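Source file: my_file.txt (compact mmCIF, C-alpha atoms)
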# COMPACT_ATOMS: atom_id res chain seq x y z
CA MET A 1 26.68 -82.07 -44.08
CA SER A 2 23.13 -81.25 -45.05
CA GLU A 3 22.85 -79.01 -41.96
CA ASN A 4 25.84 -77.06 -43.21
CA ARG A 5 24.37 -76.67 -46.65
CA LYS A 6 21.03 -75.33 -45.47
CA PRO A 7 22.15 -71.93 -44.16
CA VAL A 8 24.31 -71.37 -47.25
CA ALA A 9 21.33 -72.08 -49.51
CA LYS A 10 19.13 -69.81 -47.39
CA GLU A 11 21.77 -67.12 -47.51
CA ARG A 12 21.94 -67.36 -51.30
CA ILE A 13 18.17 -67.13 -51.64
CA GLU A 14 18.11 -64.12 -49.31
CA SER A 15 20.91 -62.46 -51.23
CA ALA A 16 19.09 -63.04 -54.54
CA MET A 17 15.88 -61.67 -53.01
CA ASN A 18 17.69 -58.62 -51.75
CA ASP A 19 19.25 -58.03 -55.19
CA LEU A 20 15.81 -58.29 -56.74
CA GLU A 21 14.40 -55.80 -54.24
CA LEU A 22 17.31 -53.42 -54.76
CA ASN A 23 16.59 -53.61 -58.47
CA LEU A 24 12.96 -52.68 -57.76
CA VAL A 25 14.16 -49.80 -55.59
CA LYS A 26 16.35 -48.52 -58.45
CA ARG A 27 13.43 -48.74 -60.87
CA ILE A 28 11.26 -46.70 -58.47
CA GLN A 29 14.02 -44.12 -58.11
CA SER A 30 14.21 -43.79 -61.87
CA GLY A 31 10.50 -43.01 -61.98
CA ASP A 32 8.89 -46.43 -62.58
CA ILE A 33 6.31 -46.39 -59.79
CA ASN A 34 4.76 -49.64 -60.98
CA ALA A 35 7.78 -51.37 -59.51
CA PHE A 36 6.47 -50.31 -56.12
CA GLU A 37 3.42 -52.48 -56.69
CA ASP A 38 5.72 -55.50 -56.82
CA ILE A 39 7.09 -54.51 -53.44
CA VAL A 40 3.55 -54.03 -52.09
CA ASN A 41 2.43 -57.45 -53.31
CA ARG A 42 5.59 -59.07 -52.04
CA TYR A 43 5.29 -57.69 -48.52
CA LYS A 44 1.67 -56.80 -47.80
CA ASP A 45 0.59 -60.06 -46.10
CA ARG A 46 3.62 -60.47 -43.86
CA ALA A 47 3.64 -56.76 -43.02
CA MET A 48 -0.08 -56.86 -42.30
CA THR A 49 0.50 -59.76 -39.93
CA LEU A 50 3.16 -57.74 -38.14
CA ALA A 51 0.88 -54.69 -37.89
CA MET A 52 -1.95 -56.89 -36.62
CA ARG A 53 0.25 -58.32 -33.87
CA ILE A 54 0.75 -54.79 -32.59
CA LEU A 55 -2.62 -53.19 -33.23
CA LYS A 56 -4.92 -56.24 -32.92
CA VAL A 57 -7.65 -54.44 -34.91
CA GLU A 58 -7.75 -55.15 -38.64
CA GLU A 59 -8.84 -51.65 -39.72
CA ASP A 60 -6.13 -49.97 -37.68
CA ALA A 61 -3.54 -52.42 -38.97
CA GLU A 62 -4.55 -51.70 -42.57
CA ASP A 63 -4.39 -47.94 -42.05
CA ALA A 64 -0.99 -48.22 -40.40
CA LEU A 65 0.24 -50.48 -43.16
CA GLN A 66 -0.90 -48.06 -45.84
CA GLU A 67 0.92 -45.24 -44.07
CA ALA A 68 4.02 -47.41 -43.74
CA PHE A 69 4.04 -48.21 -47.45
CA ILE A 70 3.73 -44.52 -48.36
CA LYS A 71 6.57 -43.63 -45.99
CA THR A 72 8.67 -46.36 -47.59
CA PHE A 73 7.87 -44.99 -51.04
CA ARG A 74 8.92 -41.48 -49.98
CA ALA A 75 12.09 -42.82 -48.44
CA ILE A 76 12.96 -44.65 -51.66
CA VAL A 77 12.21 -41.69 -53.91
CA ASP A 78 14.14 -39.29 -51.69
CA ARG A 79 17.01 -41.80 -51.56
CA GLN A 80 16.84 -42.12 -47.81
CA PHE A 81 17.06 -45.87 -48.09
CA GLU A 82 20.69 -46.85 -48.29
CA GLU A 83 21.45 -49.76 -50.55
CA ARG A 84 23.90 -51.28 -48.14
CA SER A 85 21.06 -52.09 -45.74
CA LYS A 86 18.68 -54.97 -46.30
CA PHE A 87 15.39 -53.76 -47.71
CA SER A 88 13.19 -56.11 -45.66
CA THR A 89 14.78 -55.02 -42.38
CA TYR A 90 14.40 -51.39 -43.36
CA PHE A 91 10.78 -51.83 -44.41
CA TYR A 92 9.75 -53.84 -41.34
CA ARG A 93 11.24 -51.16 -39.15
CA ILE A 94 9.01 -48.58 -40.83
CA VAL A 95 5.98 -50.85 -40.39
CA TYR A 96 6.85 -51.44 -36.75
CA ASN A 97 7.39 -47.73 -35.97
CA THR A 98 4.21 -46.71 -37.78
CA ALA A 99 2.15 -49.35 -36.00
CA ILE A 100 3.60 -48.35 -32.65
CA ASP A 101 2.76 -44.69 -33.36
CA PHE A 102 -0.75 -45.77 -34.29
CA TYR A 103 -1.01 -47.80 -31.11
CA LYS A 104 0.05 -44.80 -29.01
CA LYS A 105 -2.54 -42.60 -30.72
CA HIS A 106 -5.31 -45.09 -30.03
CA LYS A 107 -4.26 -46.04 -26.53
CA SER A 108 -7.84 -45.83 -25.32
CA LYS A 109 -8.62 -49.11 -27.03
CA THR A 110 -7.93 -51.85 -24.55
CA TYR A 111 -6.93 -55.33 -25.45
CA THR A 112 -7.02 -58.43 -23.29
CA LEU A 113 -3.53 -59.75 -23.24
CA ILE A 114 -1.86 -62.80 -21.81
CA SER A 115 0.86 -61.84 -19.39
CA ILE A 116 4.17 -63.53 -19.99
CA ASP A 117 6.19 -61.43 -17.60
CA GLU A 118 4.30 -62.27 -14.48
CA LYS A 119 2.12 -65.10 -13.34
CA ARG A 120 -1.00 -64.04 -11.50
CA THR A 121 -3.03 -66.64 -9.70
CA ASP A 122 -6.72 -66.50 -8.93
CA ASP A 123 -8.41 -67.48 -5.67
CA GLU A 124 -8.18 -71.16 -6.50
CA GLY A 125 -4.50 -70.92 -7.24
CA ASN A 126 -4.85 -71.26 -11.02
CA VAL A 127 -2.58 -69.20 -13.22
CA ALA A 128 -4.96 -66.43 -14.22
CA ASP A 129 -3.51 -65.48 -17.56
CA ILE A 130 -3.63 -69.02 -18.93
CA SER A 131 -7.18 -69.56 -17.72
CA ASN A 132 -8.20 -66.27 -19.31
CA PHE A 133 -6.68 -67.39 -22.53
CA GLU A 134 -8.42 -70.73 -22.40
CA MET A 135 -11.73 -69.02 -21.93
CA GLN A 136 -11.24 -67.51 -25.37
CA ILE A 137 -11.22 -70.93 -26.94
CA ASP A 138 -14.47 -72.78 -27.28
CA LYS A 139 -13.89 -75.54 -24.80
CA ASN A 140 -16.72 -77.71 -26.05
CA LYS A 141 -15.37 -77.62 -29.52
CA TYR A 142 -11.87 -78.48 -28.50
CA TYR A 143 -12.49 -80.73 -25.57
CA MET A 144 -10.47 -83.91 -25.75
CA SER A 145 -11.78 -86.92 -23.90
CA SER A 146 -9.06 -89.21 -25.12
CA ALA A 147 -6.02 -88.57 -27.26
CA PHE A 148 -6.56 -91.69 -29.25
CA ASP A 149 -10.14 -91.25 -30.39
CA ILE A 150 -9.63 -87.85 -31.98
CA ASP A 151 -8.59 -87.45 -35.52
CA LYS A 152 -4.96 -86.34 -35.77
CA LYS A 153 -5.81 -83.73 -38.35
CA ALA A 154 -8.49 -82.21 -36.13
CA VAL A 155 -6.09 -81.99 -33.20
CA GLU A 156 -3.50 -80.36 -35.41
CA ASN A 157 -6.10 -77.82 -36.46
CA GLU A 158 -6.94 -77.20 -32.84
CA ILE A 159 -3.31 -76.59 -32.05
CA LYS A 160 -3.01 -74.24 -35.01
CA HIS A 161 -6.03 -72.38 -33.69
CA ILE A 162 -4.49 -72.20 -30.22
CA VAL A 163 -1.21 -70.90 -31.65
CA ASP A 164 -3.01 -68.24 -33.71
CA LYS A 165 -5.11 -67.18 -30.74
CA TYR A 166 -2.02 -67.15 -28.58
CA LEU A 167 -0.21 -64.84 -30.99
CA GLU A 168 -3.20 -62.54 -30.98
CA LYS A 169 -3.41 -62.44 -27.21
CA ILE A 170 0.14 -62.09 -25.99
CA PRO A 171 1.63 -58.61 -25.45
CA GLU A 172 2.91 -56.85 -28.52
CA LYS A 173 6.54 -57.03 -27.43
CA TYR A 174 6.42 -60.82 -27.67
CA SER A 175 4.08 -61.30 -30.63
CA THR A 176 6.05 -58.81 -32.71
CA ILE A 177 9.30 -60.66 -32.16
CA LEU A 178 7.71 -64.05 -32.81
CA THR A 179 6.16 -62.72 -36.02
CA LEU A 180 9.39 -61.13 -37.21
CA PHE A 181 11.24 -64.36 -36.52
CA TYR A 182 8.80 -66.98 -37.75
CA ILE A 183 6.70 -65.17 -40.36
CA ASN A 184 8.89 -62.37 -41.63
CA ASP A 185 11.93 -64.63 -41.55
CA LEU A 186 14.31 -62.16 -39.93
CA SER A 187 17.29 -63.47 -38.00
CA HIS A 188 17.84 -62.68 -34.31
CA GLU A 189 20.39 -60.04 -35.32
CA GLU A 190 18.06 -58.43 -37.84
CA ILE A 191 15.25 -58.30 -35.28
CA ALA A 192 17.63 -56.66 -32.83
CA VAL A 193 18.48 -54.04 -35.47
CA THR A 194 14.84 -53.56 -36.51
CA LEU A 195 13.50 -53.12 -33.00
CA LYS A 196 16.67 -51.54 -31.62
CA LEU A 197 16.88 -54.08 -28.85
CA PRO A 198 19.87 -55.95 -27.48
CA LEU A 199 20.38 -59.34 -29.10
CA GLY A 200 20.03 -61.05 -25.71
CA THR A 201 16.60 -59.49 -25.17
CA VAL A 202 15.42 -60.72 -28.57
CA LYS A 203 16.56 -64.29 -27.88
CA ASN A 204 15.14 -64.16 -24.38
CA ARG A 205 11.73 -62.95 -25.54
CA ILE A 206 11.49 -65.64 -28.19
CA PHE A 207 12.42 -68.26 -25.63
CA ARG A 208 9.94 -66.99 -23.04
CA ALA A 209 7.08 -66.61 -25.49
CA LYS A 210 7.67 -70.11 -26.83
CA ASP A 211 7.95 -71.46 -23.33
CA LYS A 212 4.64 -69.88 -22.42
CA MET A 213 3.02 -71.34 -25.50
CA LYS A 214 4.36 -74.73 -24.56
CA GLU A 215 2.91 -74.26 -21.08
CA ILE A 216 -0.50 -73.49 -22.57
CA LEU A 217 -0.39 -76.48 -24.88
CA MET A 218 0.83 -78.74 -22.08
CA SER A 219 -2.06 -77.62 -19.91
CA LYS A 220 -4.39 -78.85 -22.62
CA TYR A 221 -2.58 -81.88 -23.94
CA SER A 222 -0.29 -84.32 -22.21
CA GLU A 223 3.22 -84.87 -23.51
CA THR A 224 2.17 -88.28 -24.83
CA GLU A 225 -0.75 -86.74 -26.70
CA LEU A 226 1.52 -84.17 -28.27
CA MET A 227 4.03 -86.83 -29.23
CA GLU A 228 1.21 -88.75 -30.91
CA ILE A 229 0.44 -85.74 -33.08
CA ILE A 230 4.09 -85.09 -33.87
CA MET B 1 17.17 -81.15 -23.70
CA THR B 2 15.52 -84.55 -23.99
CA GLU B 3 14.60 -85.98 -27.38
CA ARG B 4 10.90 -85.49 -26.57
CA ASN B 5 11.36 -81.88 -25.59
CA LYS B 6 13.37 -81.24 -28.71
CA LYS B 7 10.63 -82.74 -30.85
CA ILE B 8 7.96 -80.65 -29.11
CA ASP B 9 10.11 -77.59 -29.62
CA GLU B 10 10.50 -78.30 -33.32
CA PHE B 11 6.75 -78.90 -33.53
CA LEU B 12 6.10 -75.52 -31.94
CA ASP B 13 8.55 -73.86 -34.33
CA GLN B 14 6.71 -75.42 -37.24
CA LYS B 15 3.32 -74.33 -35.89
CA LEU B 16 4.55 -70.77 -35.34
CA ARG B 17 5.96 -70.68 -38.87
CA ARG B 18 2.63 -71.78 -40.23
CA SER B 19 0.60 -69.50 -38.01
CA ILE B 20 -2.06 -67.46 -39.69
CA LEU B 21 -1.02 -64.77 -42.15
CA VAL B 22 -3.38 -61.83 -41.89
CA GLN B 23 -4.22 -60.50 -45.31
CA PRO B 24 -5.39 -56.98 -46.02
CA ARG B 25 -8.53 -56.36 -48.08
CA ASP B 26 -8.50 -57.42 -51.73
CA ASP B 27 -8.46 -53.84 -53.01
CA PHE B 28 -5.66 -52.84 -50.65
CA SER B 29 -2.92 -52.77 -53.33
CA GLN B 30 -5.13 -50.93 -55.79
CA LEU B 31 -6.09 -48.19 -53.31
CA LEU B 32 -2.56 -47.92 -52.08
CA MET B 33 -1.16 -47.55 -55.59
CA GLN B 34 -3.63 -44.73 -56.26
CA LYS B 35 -2.29 -42.94 -53.20
CA VAL B 36 1.29 -43.71 -54.22
CA THR B 37 0.66 -42.22 -57.68
CA LEU B 38 -0.67 -39.02 -56.10
CA GLU B 39 2.27 -38.98 -53.70
CA HIS B 40 4.66 -39.40 -56.61
CA LYS B 41 3.10 -36.43 -58.43
CA ARG B 42 3.32 -34.35 -55.28
CA LEU B 43 6.95 -35.31 -54.72
CA THR B 44 7.86 -34.50 -58.33
CA GLU B 45 6.20 -31.08 -58.00
CA GLU B 46 7.97 -30.41 -54.73
CA ASN B 47 11.30 -31.50 -56.16
CA LYS B 48 10.82 -28.95 -58.94
CA LYS B 49 9.98 -26.24 -56.42
CA GLU B 50 12.93 -27.32 -54.32
CA ARG B 51 15.29 -26.95 -57.27
CA ILE B 52 13.95 -23.45 -58.01
CA VAL B 53 14.23 -22.33 -54.37
CA LYS B 54 17.74 -23.79 -54.16
CA TYR B 55 18.71 -21.97 -57.35
CA VAL B 56 17.34 -18.65 -56.04
CA LEU B 57 18.92 -19.08 -52.62
CA GLY B 58 22.22 -20.17 -54.17
CA SER B 59 22.32 -17.27 -56.61
CA PHE B 60 21.44 -14.77 -53.89
CA SER B 61 24.10 -16.17 -51.56
CA THR B 62 26.76 -16.17 -54.27
CA PHE B 63 25.86 -12.61 -55.21
CA MET B 64 25.94 -11.46 -51.56
CA ILE B 65 29.26 -13.13 -50.87
CA GLY B 66 30.79 -11.83 -54.10
CA PHE B 67 29.47 -8.32 -53.51
CA THR B 68 30.72 -8.33 -49.91
CA ILE B 69 34.18 -9.52 -50.90
CA VAL B 70 34.54 -6.96 -53.70
CA MET B 71 33.19 -4.09 -51.59
CA GLY B 72 35.27 -5.17 -48.61
CA TYR B 73 38.38 -5.39 -50.74
CA LEU B 74 37.83 -1.98 -52.29
CA TYR B 75 36.90 -0.36 -48.96
CA GLY B 76 39.78 -2.03 -47.13
CA LYS B 77 42.23 -0.88 -49.74
CA ALA B 78 41.03 2.69 -49.49
CA GLU B 79 41.03 2.58 -45.65
CA SER B 80 44.52 1.10 -45.31
CA THR B 81 45.96 3.75 -47.58
CA ALA B 82 44.29 6.40 -45.45
CA THR B 83 45.03 5.15 -41.89
CA GLY B 84 47.93 2.70 -42.04
CA SER B 85 47.84 0.26 -39.10
CA VAL B 86 44.67 -1.82 -38.63
CA TYR B 87 45.53 -3.88 -35.56
CA ASP B 88 44.19 -1.73 -32.73
CA VAL B 89 40.72 -2.95 -31.88
CA ASN B 90 39.55 0.34 -30.44
CA THR B 91 40.64 2.38 -33.39
CA THR B 92 39.55 0.02 -36.15
CA VAL B 93 35.93 -0.38 -35.03
CA GLU B 94 33.78 2.45 -36.24
CA ARG B 95 31.40 3.89 -33.65
CA SER B 96 27.75 4.62 -34.34
CA ASN B 97 24.86 5.97 -32.30
CA SER B 98 22.01 3.99 -33.88
CA LEU B 99 20.82 0.77 -32.20
CA VAL B 100 21.85 -1.43 -35.15
CA GLY B 101 25.12 0.43 -35.40
CA ARG B 102 25.85 -0.09 -31.71
CA LEU B 103 24.96 -3.76 -32.01
CA VAL B 104 27.26 -4.18 -35.00
CA THR B 105 30.02 -2.36 -33.15
CA ALA B 106 29.53 -4.58 -30.11
CA VAL B 107 29.70 -7.75 -32.24
CA GLN B 108 32.77 -6.48 -34.07
CA THR B 109 34.51 -5.47 -30.86
CA PHE B 110 33.69 -8.83 -29.27
CA PHE B 111 35.06 -10.83 -32.19
CA LEU B 112 38.13 -8.66 -32.51
CA TYR B 113 38.89 -9.09 -28.80
CA VAL B 114 38.38 -12.84 -29.04
CA LEU B 115 40.61 -13.06 -32.12
CA ASN B 116 43.21 -10.83 -30.47
CA PHE B 117 43.11 -13.09 -27.43
CA PHE B 118 44.06 -16.03 -29.66
CA GLY B 119 46.77 -13.98 -31.29
CA VAL B 120 44.93 -13.30 -34.55
CA SER B 121 44.90 -9.69 -35.67
CA ILE B 122 42.57 -8.62 -38.45
CA SER B 123 40.98 -5.36 -39.47
CA ALA B 124 37.34 -4.54 -38.83
CA THR B 125 36.72 -4.64 -42.58
CA THR B 126 38.08 -8.16 -42.93
CA LEU B 127 36.03 -9.18 -39.92
CA ASN B 128 32.93 -7.63 -41.49
CA ILE B 129 33.50 -9.64 -44.65
CA ALA B 130 33.98 -12.85 -42.70
CA LEU B 131 30.89 -12.22 -40.56
CA ILE B 132 28.74 -11.42 -43.58
CA ILE B 133 29.94 -14.55 -45.37
CA ILE B 134 29.15 -16.63 -42.28
CA LEU B 135 25.77 -14.93 -42.01
CA VAL B 136 24.91 -15.60 -45.66
CA ILE B 137 25.97 -19.25 -45.38
CA GLY B 138 23.94 -19.50 -42.17
CA ILE B 139 20.86 -17.99 -43.81
CA TYR B 140 21.23 -20.36 -46.77
CA LEU B 141 21.55 -23.42 -44.56
CA ILE B 142 18.68 -22.42 -42.28
CA GLY B 143 16.53 -21.50 -45.28
CA GLU B 144 17.20 -24.81 -46.96
CA ARG B 145 16.56 -26.79 -43.82
CA LEU B 146 13.41 -24.94 -42.80
CA PHE B 147 11.71 -24.53 -46.14
CA LEU B 148 12.90 -27.50 -48.10
CA ARG B 149 13.71 -30.31 -45.74
CA GLY B 150 11.67 -29.49 -42.66
CA LYS B 151 8.39 -30.59 -44.13
CA TYR B 152 9.64 -34.11 -44.89
CA LYS B 153 11.59 -34.52 -41.71
CA SER B 154 9.04 -36.56 -39.79
CA SER B 155 8.39 -39.04 -42.55
CA LEU B 156 11.94 -39.43 -43.71
CA ASN B 157 13.36 -40.06 -40.31
CA ILE B 158 10.80 -42.67 -39.46
CA ALA B 159 13.06 -45.59 -40.14
CA LYS B 160 15.97 -44.01 -38.36
CA ARG B 161 14.35 -43.87 -34.96

Please render this file's structure as structure tokens.
Amino acid sequence: MSENRKPVAKERIESAMNDLELNLVKRIQSGDINAFEDIVNRYKDRAMTLAMRILKVEEDAEDALQEAFIKTFRAIVDRQFEERSKFSTYFYRIVYNTAIDFYKKHKSKTYTLISIDEKRTDDEGNVADISNFEMQIDKNKYYMSSAFDIDKKAVENEIKHIVDKYLEKIPEKYSTILTLFYINDLSHEEIAVTLKLPLGTVKNRIFRAKDKMKEILMSKYSETELMEII
Amino acid sequence: MTERNKKIDEFLDQKLRRSILVQPRDDFSQLLMQKVTLEHKRLTEENKKERIVKYVLGSFSTFMIGFTIVMGYLYGKAESTATGSVYDVNTTVERSNSLVGRLVTAVQTFFLYVLNFFGVSISATTLNIALIIILVIGIYLIGERLFLRGKYKSSLNIAKR
């Protein structure tokens, strides 16, 4: 019963949020540009996270985000934004497109990414991408001699750190979808619309990226250790 | 999926939901709003200009179309009283030796042949009126698109890609 109630409640909250945003849009269209500041404050952190997942460099992400906000403002003023579409989906699409354009312009910057598509092994037969990723984490700091003598809170923090690092290091096509799903709270269908991808691809990428994260965590902690934390 | 796996999965979901939110600089909103204010001023100015250009283009087009129709009507009336039948393509198209004249004649002849082929018979004068109206509408649409909308095209279509 409670499981049935949850989506309805979420839907109502989303609908109320959308109404509120549409109201802000109307205010902007009638000349009240201060209403845009509410939109900026409402979205800047989650949009910045999305831009960071694509661009990986904070300055670039901020520049792209600024451009995206101005494009959104123009679109609202020129009544390009249609009220029948959800504002968040529309806005995240602008952020995504702007960040991608930015990324293409600054292609020369190279980022070390974890490969999810293919597993490459080194001479010793280790999966190269995971070992590369682990090198990024200070092993001394996070070394676990025994699951039972480490503070649960500290381990949780370690895992949080691993997850954050992981999101930074995986290719943009995975981190973007994970961010849109978990941080920006878009549904699978909305992500498919935003990124113009088939629904199956969206679900598949979320599954694969999560699976890879699980693989990384499992290479560091045993199942029992993880269960202890949970 | 085993109970353990399910729990690990839920744990991962929770961790991903609580993953780090990257925040822009503290003065981000302030700087952005300054730019937005400037952008708003610019857009208001351009909207004003757009209205003026639209008004000028619209008035010019209306005048041209009106003038063409009136002149065409008067000329057609005078011509039909003088010559009678207007259906023969070769006799209705006026010949000229200048380059523009020859071009106009060629266009007229082409359209009259095409219309004749589909069984529509009109005089060269009526065709002239129709072509001028189409031309004026075309100029208005191209003018509006190029001068008024073209400059915003890239930014406005960003979300549509």

### Task
Give as number ranges by chain every residue of chain B that touches chain A within 12 Å, counting all atoms listed in the file.
B: 3-44, 46-47, 149, 152-161

Quick one: write out the picked residues with C-alpha atoms as a PDB file, keeping the file's coordinate frame?
ATOM      1  CA  GLU B   3      14.600 -85.980 -27.380  1.00  0.00           C
ATOM      2  CA  ARG B   4      10.900 -85.490 -26.570  1.00  0.00           C
ATOM      3  CA  ASN B   5      11.360 -81.880 -25.590  1.00  0.00           C
ATOM      4  CA  LYS B   6      13.370 -81.240 -28.710  1.00  0.00           C
ATOM      5  CA  LYS B   7      10.630 -82.740 -30.850  1.00  0.00           C
ATOM      6  CA  ILE B   8       7.960 -80.650 -29.110  1.00  0.00           C
ATOM      7  CA  ASP B   9      10.110 -77.590 -29.620  1.00  0.00           C
ATOM      8  CA  GLU B  10      10.500 -78.300 -33.320  1.00  0.00           C
ATOM      9  CA  PHE B  11       6.750 -78.900 -33.530  1.00  0.00           C
ATOM     10  CA  LEU B  12       6.100 -75.520 -31.940  1.00  0.00           C
ATOM     11  CA  ASP B  13       8.550 -73.860 -34.330  1.00  0.00           C
ATOM     12  CA  GLN B  14       6.710 -75.420 -37.240  1.00  0.00           C
ATOM     13  CA  LYS B  15       3.320 -74.330 -35.890  1.00  0.00           C
ATOM     14  CA  LEU B  16       4.550 -70.770 -35.340  1.00  0.00           C
ATOM     15  CA  ARG B  17       5.960 -70.680 -38.870  1.00  0.00           C
ATOM     16  CA  ARG B  18       2.630 -71.780 -40.230  1.00  0.00           C
ATOM     17  CA  SER B  19       0.600 -69.500 -38.010  1.00  0.00           C
ATOM     18  CA  ILE B  20      -2.060 -67.460 -39.690  1.00  0.00           C
ATOM     19  CA  LEU B  21      -1.020 -64.770 -42.150  1.00  0.00           C
ATOM     20  CA  VAL B  22      -3.380 -61.830 -41.890  1.00  0.00           C
ATOM     21  CA  GLN B  23      -4.220 -60.500 -45.310  1.00  0.00           C
ATOM     22  CA  PRO B  24      -5.390 -56.980 -46.020  1.00  0.00           C
ATOM     23  CA  ARG B  25      -8.530 -56.360 -48.080  1.00  0.00           C
ATOM     24  CA  ASP B  26      -8.500 -57.420 -51.730  1.00  0.00           C
ATOM     25  CA  ASP B  27      -8.460 -53.840 -53.010  1.00  0.00           C
ATOM     26  CA  PHE B  28      -5.660 -52.840 -50.650  1.00  0.00           C
ATOM     27  CA  SER B  29      -2.920 -52.770 -53.330  1.00  0.00           C
ATOM     28  CA  GLN B  30      -5.130 -50.930 -55.790  1.00  0.00           C
ATOM     29  CA  LEU B  31      -6.090 -48.190 -53.310  1.00  0.00           C
ATOM     30  CA  LEU B  32      -2.560 -47.920 -52.080  1.00  0.00           C
ATOM     31  CA  MET B  33      -1.160 -47.550 -55.590  1.00  0.00           C
ATOM     32  CA  GLN B  34      -3.630 -44.730 -56.260  1.00  0.00           C
ATOM     33  CA  LYS B  35      -2.290 -42.940 -53.200  1.00  0.00           C
ATOM     34  CA  VAL B  36       1.290 -43.710 -54.220  1.00  0.00           C
ATOM     35  CA  THR B  37       0.660 -42.220 -57.680  1.00  0.00           C
ATOM     36  CA  LEU B  38      -0.670 -39.020 -56.100  1.00  0.00           C
ATOM     37  CA  GLU B  39       2.270 -38.980 -53.700  1.00  0.00           C
ATOM     38  CA  HIS B  40       4.660 -39.400 -56.610  1.00  0.00           C
ATOM     39  CA  LYS B  41       3.100 -36.430 -58.430  1.00  0.00           C
ATOM     40  CA  ARG B  42       3.320 -34.350 -55.280  1.00  0.00           C
ATOM     41  CA  LEU B  43       6.950 -35.310 -54.720  1.00  0.00           C
ATOM     42  CA  THR B  44       7.860 -34.500 -58.330  1.00  0.00           C
ATOM     43  CA  GLU B  46       7.970 -30.410 -54.730  1.00  0.00           C
ATOM     44  CA  ASN B  47      11.300 -31.500 -56.160  1.00  0.00           C
ATOM     45  CA  ARG B 149      13.710 -30.310 -45.740  1.00  0.00           C
ATOM     46  CA  TYR B 152       9.640 -34.110 -44.890  1.00  0.00           C
ATOM     47  CA  LYS B 153      11.590 -34.520 -41.710  1.00  0.00           C
ATOM     48  CA  SER B 154       9.040 -36.560 -39.790  1.00  0.00           C
ATOM     49  CA  SER B 155       8.390 -39.040 -42.550  1.00  0.00           C
ATOM     50  CA  LEU B 156      11.940 -39.430 -43.710  1.00  0.00           C
ATOM     51  CA  ASN B 157      13.360 -40.060 -40.310  1.00  0.00           C
ATOM     52  CA  ILE B 158      10.800 -42.670 -39.460  1.00  0.00           C
ATOM     53  CA  ALA B 159      13.060 -45.590 -40.140  1.00  0.00           C
ATOM     54  CA  LYS B 160      15.970 -44.010 -38.360  1.00  0.00           C
ATOM     55  CA  ARG B 161      14.350 -43.870 -34.960  1.00  0.00           C
TER      56      ARG B 161
END

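The shortest atom-to-atom distance to Ile216 of chain A, with only C-alpha atoms taken into account, belongs to A:Tyr166 out of A:Ile191, A:Val25, A:Tyr166, A:Thr201.
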
### Message
From the options A:Leu24, A:Asp19, A:Lys104, A:Lys203, which residue's atoms come nearest to Asp60 of chain A, counting only C-alpha atoms?
### Response
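Using only C-alpha atoms, Asp60 of chain A sits closest to A:Lys104.
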
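Interatomic distance, atom CA of Lys49 of chain B against atom CA of Thr62 of chain B: 19.7 Å.
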
### Selected residue, from A:Ser30, A:Asn23, A:Phe102, A:Glu228, that lies nearest to Lys152 of chain A when counting all atoms listed in the file
A:Glu228

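Using all atoms listed in the file, the contacts of segment 127-132 of chain B at a cut-off of 9 Å, with sequence neighbours closer than 6 positions omitted, comprise Met64, Ile65, Thr68, Ile69, Met71, Gly72, Tyr73, Gln108, Phe111 and Leu112 of chain B.
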
### Query
When you draw a straight line from atom CA of Thr125 of chain B to atom CA of Phe60 of chain B, how long is it in Å?
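That distance, rounded to one decimal, is 21.5 Å.
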
### Query
Quick one, how far is atom CA of Ser15 of chain A from atom CA of Asp32 of chain A?
23.0 Å
